[in-house]
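This report concerns only the one structure given below.
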Amino acid sequence: MALAVRFFDQQPADVADSSLRDDVLQGFAQAQKALPPKYFYDQRGSELFEAITRQPEYYPTRTEEAILAAASGEIARLAGRDAALVELGSGASRKARLLLEAMRPVGYLGIDISRDFLLASTQRLAADYPWLDVSAACADFCRPMTLPDSLDGLRPVAFFPGSSIGNFTPEEAGVFLRNLHRMLPHTGGLLIGVDLIKDQARLDAAYNDAAGVTAQFNLNLLERIRRELDTDLDPTRFRHLAFFDPIAARIEMHLVSTRDQTVRLEDRRFTFRAGERLHTENSYKYSLEGFRALAEDAGFRQLRVWTDPAKLFAVFYFAA
């Protein structure tokens, strides 16, 4: 019989809803309209992202999984005994499963902003690994956090897969890494996946899959706003746009208004011109040397880095 999942709710529903409302009002009022990508991950958005990872054009997931599978024994040695795997943005925890048998950690803590998806995935994990002490924390890990008392005395290894670090600007990534470094004890570690700079055609294809799943994922952000807020927003009046900017070394995702329109949100109205873009996500790409320098500036020390043969993707292990 699996242990019950210990749940820490650090993101109350009323606070999350207020944040969505405030960020949409602020984002729609900017000269360059924009929304934070964290709002992609409601239940439907999390499901769509899992579907994206299965698309043939989307190389990061399968490449990272292959690296983790090959390196799992060495990762276990670096983590050491009495380890606790702390997965940031746990999603379906598919990649964590590649590590659990090799690491045999004492505990697992999944952290995600999508409460329902987090509970479902950690409950499945607890059922599949009855020897593992499973906890879940609903939280926005973009903000400073503290580890729950249940991990006291253990060696936490923060696991941030999926190149999600690329959603931050390099400056924001530095702040995030410094916050993470402060959260971890000196015995802890960081295992992180990073998408590498590569040819533009491969990058553009990865975010414009032929099945249109990434487009659905992007547009679901508007569906969430329509569903959760007092608005007449019509998602069918927007289209998906994603492209690689080689100067900034990032993928940009936008939602483009297909016509001149006015959107009401509560008692305010926002004008969108035909062709105007709502910026929804960046995904920065790094060189091996560039990301190592970023993490070391935050206080981490690189112990190991693994890549695939084509150097599409990298997994770093840092000591805190």
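Naming works like this for the structure tokens: A, B, ... for the chains as they're shown, residue 1 at the start of each chain, ligands 1 onward in shown order.
Neighbouring residues of Ala71 in chain A at 10 Å or closer, counting only C-alpha atoms and skipping chain neighbours under 5 positions away, are A:Glu65, A:Ala66, A:Ala76, A:Leu98, A:Leu99, A:Ala102, A:Val305, A:Trp306, A:Thr307, A:Val315.
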Can I get the selected residues back with C-alpha atoms, as a PDB file, in the first residue's frame?
```
ATOM      1  CA  GLU A  65      15.106  11.570 -21.202  1.00  0.00           C
ATOM      2  CA  ALA A  66      17.816   9.679 -23.090  1.00  0.00           C
ATOM      3  CA  ALA A  76      22.773   8.696  -8.052  1.00  0.00           C
ATOM      4  CA  LEU A  98      13.927   7.653 -14.797  1.00  0.00           C
ATOM      5  CA  LEU A  99      15.905   8.642 -11.696  1.00  0.00           C
ATOM      6  CA  ALA A 102      18.810   4.543  -9.684  1.00  0.00           C
ATOM      7  CA  VAL A 305      27.451  17.991 -17.555  1.00  0.00           C
ATOM      8  CA  TRP A 306      26.032  15.463 -20.019  1.00  0.00           C
ATOM      9  CA  THR A 307      24.923  16.065 -23.614  1.00  0.00           C
ATOM     10  CA  VAL A 315      21.850  18.189 -18.307  1.00  0.00           C
TER      11      VAL A 315
END
```
Which polymer residues have any atom within 9 Å of an atom of Phe244 in chain A, counting only C-alpha atoms, with same-chain residues fewer than 5 positions away left out, as a PDB file with N, CA and C atoms, in the first residue's frame?
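Final output, around_11.pdb:
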```
ATOM      1  N   GLN A 200      18.460  27.226 -36.677  1.00  0.00           N
ATOM      2  CA  GLN A 200      17.167  27.867 -36.531  1.00  0.00           C
ATOM      3  C   GLN A 200      16.024  26.997 -37.039  1.00  0.00           C
ATOM      4  N   ALA A 201      16.228  26.252 -38.105  1.00  0.00           N
ATOM      5  CA  ALA A 201      15.147  25.451 -38.676  1.00  0.00           C
ATOM      6  C   ALA A 201      14.640  24.407 -37.676  1.00  0.00           C
ATOM      7  N   LEU A 203      14.815  24.581 -34.410  1.00  0.00           N
ATOM      8  CA  LEU A 203      14.138  25.282 -33.319  1.00  0.00           C
ATOM      9  C   LEU A 203      12.744  25.752 -33.730  1.00  0.00           C
ATOM     10  N   ASP A 204      12.638  26.342 -34.915  1.00  0.00           N
ATOM     11  CA  ASP A 204      11.328  26.813 -35.375  1.00  0.00           C
ATOM     12  C   ASP A 204      10.339  25.662 -35.497  1.00  0.00           C
ATOM     13  N   ALA A 249      18.926  34.907 -28.973  1.00  0.00           N
ATOM     14  CA  ALA A 249      19.088  33.470 -28.702  1.00  0.00           C
ATOM     15  C   ALA A 249      17.873  32.919 -27.957  1.00  0.00           C
ATOM     16  N   ARG A 250      16.674  33.215 -28.499  1.00  0.00           N
ATOM     17  CA  ARG A 250      15.466  32.738 -27.833  1.00  0.00           C
ATOM     18  C   ARG A 250      14.361  32.471 -28.843  1.00  0.00           C
ATOM     19  N   ILE A 251      13.529  31.498 -28.513  1.00  0.00           N
ATOM     20  CA  ILE A 251      12.248  31.320 -29.172  1.00  0.00           C
ATOM     21  C   ILE A 251      11.280  32.312 -28.559  1.00  0.00           C
ATOM     22  N   GLU A 252      10.481  32.965 -29.394  1.00  0.00           N
ATOM     23  CA  GLU A 252       9.399  33.815 -28.907  1.00  0.00           C
ATOM     24  C   GLU A 252       8.063  33.202 -29.312  1.00  0.00           C
ATOM     25  N   SER A 283      11.756  31.367 -24.771  1.00  0.00           N
ATOM     26  CA  SER A 283      12.503  30.161 -24.413  1.00  0.00           C
ATOM     27  C   SER A 283      13.949  30.378 -24.858  1.00  0.00           C
TER      28      SER A 283
END
```
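Of the residues under consideration (A:Phe159, A:Phe49, A:Phe217, A:Tyr39), A:Phe217 shows the shortest atom-to-atom contact distance to Arg239 in chain A when counting only C-alpha atoms.
Considering only C-alpha atoms, the residue among A:Arg277, A:Lys33, A:Arg94, A:Arg264 positioned nearest to Arg62 in chain A is A:Arg94.
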> Could you write out, as number ranges by chain, all the residues of range 65-208 of chain A that DSSP marks as strand (DSSP E)?
Replying inline: A: 83-88, 107-112, 133-138, 155-160, 189-195
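When only C-alpha atoms are used to compute distances to Val263 in chain A, the closest of the residues A:Leu25, A:Asp140, A:Gly188, A:Phe176 turns out to be A:Leu25.
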> Neighbours of Arg202 in chain A within 12 Å (only C-alpha atoms; same-chain residues fewer than 3 positions away dropped), as a PyMOL selection string?
Replying inline: chain A and resi 56-60+196-199+205-209+243-244+251+312
Preceding selection exported with C-alpha atoms as a PDB file, in the first residue's frame:
```pdb
ATOM      1  CA  PRO A  56       8.021  14.321 -33.520  1.00  0.00           C
ATOM      2  CA  GLU A  57       9.342  17.870 -33.994  1.00  0.00           C
ATOM      3  CA  TYR A  58       9.746  18.473 -30.259  1.00  0.00           C
ATOM      4  CA  TYR A  59      13.202  17.040 -29.566  1.00  0.00           C
ATOM      5  CA  PRO A  60      13.889  18.397 -26.011  1.00  0.00           C
ATOM      6  CA  LEU A 196      21.362  24.462 -26.341  1.00  0.00           C
ATOM      7  CA  ILE A 197      21.775  26.923 -29.218  1.00  0.00           C
ATOM      8  CA  LYS A 198      21.414  25.126 -32.567  1.00  0.00           C
ATOM      9  CA  ASP A 199      20.226  25.658 -36.135  1.00  0.00           C
ATOM     10  CA  ALA A 205       9.903  23.374 -36.169  1.00  0.00           C
ATOM     11  CA  ALA A 206       9.919  22.335 -32.505  1.00  0.00           C
ATOM     12  CA  TYR A 207       7.525  25.154 -31.605  1.00  0.00           C
ATOM     13  CA  ASN A 208       5.333  24.856 -34.719  1.00  0.00           C
ATOM     14  CA  ASP A 209       4.470  21.145 -34.790  1.00  0.00           C
ATOM     15  CA  PHE A 243       9.902  31.869 -34.126  1.00  0.00           C
ATOM     16  CA  PHE A 244      13.593  31.881 -33.152  1.00  0.00           C
ATOM     17  CA  ILE A 251      12.248  31.320 -29.172  1.00  0.00           C
ATOM     18  CA  LEU A 312      21.017  19.490 -28.869  1.00  0.00           C
TER      19      LEU A 312
END
```
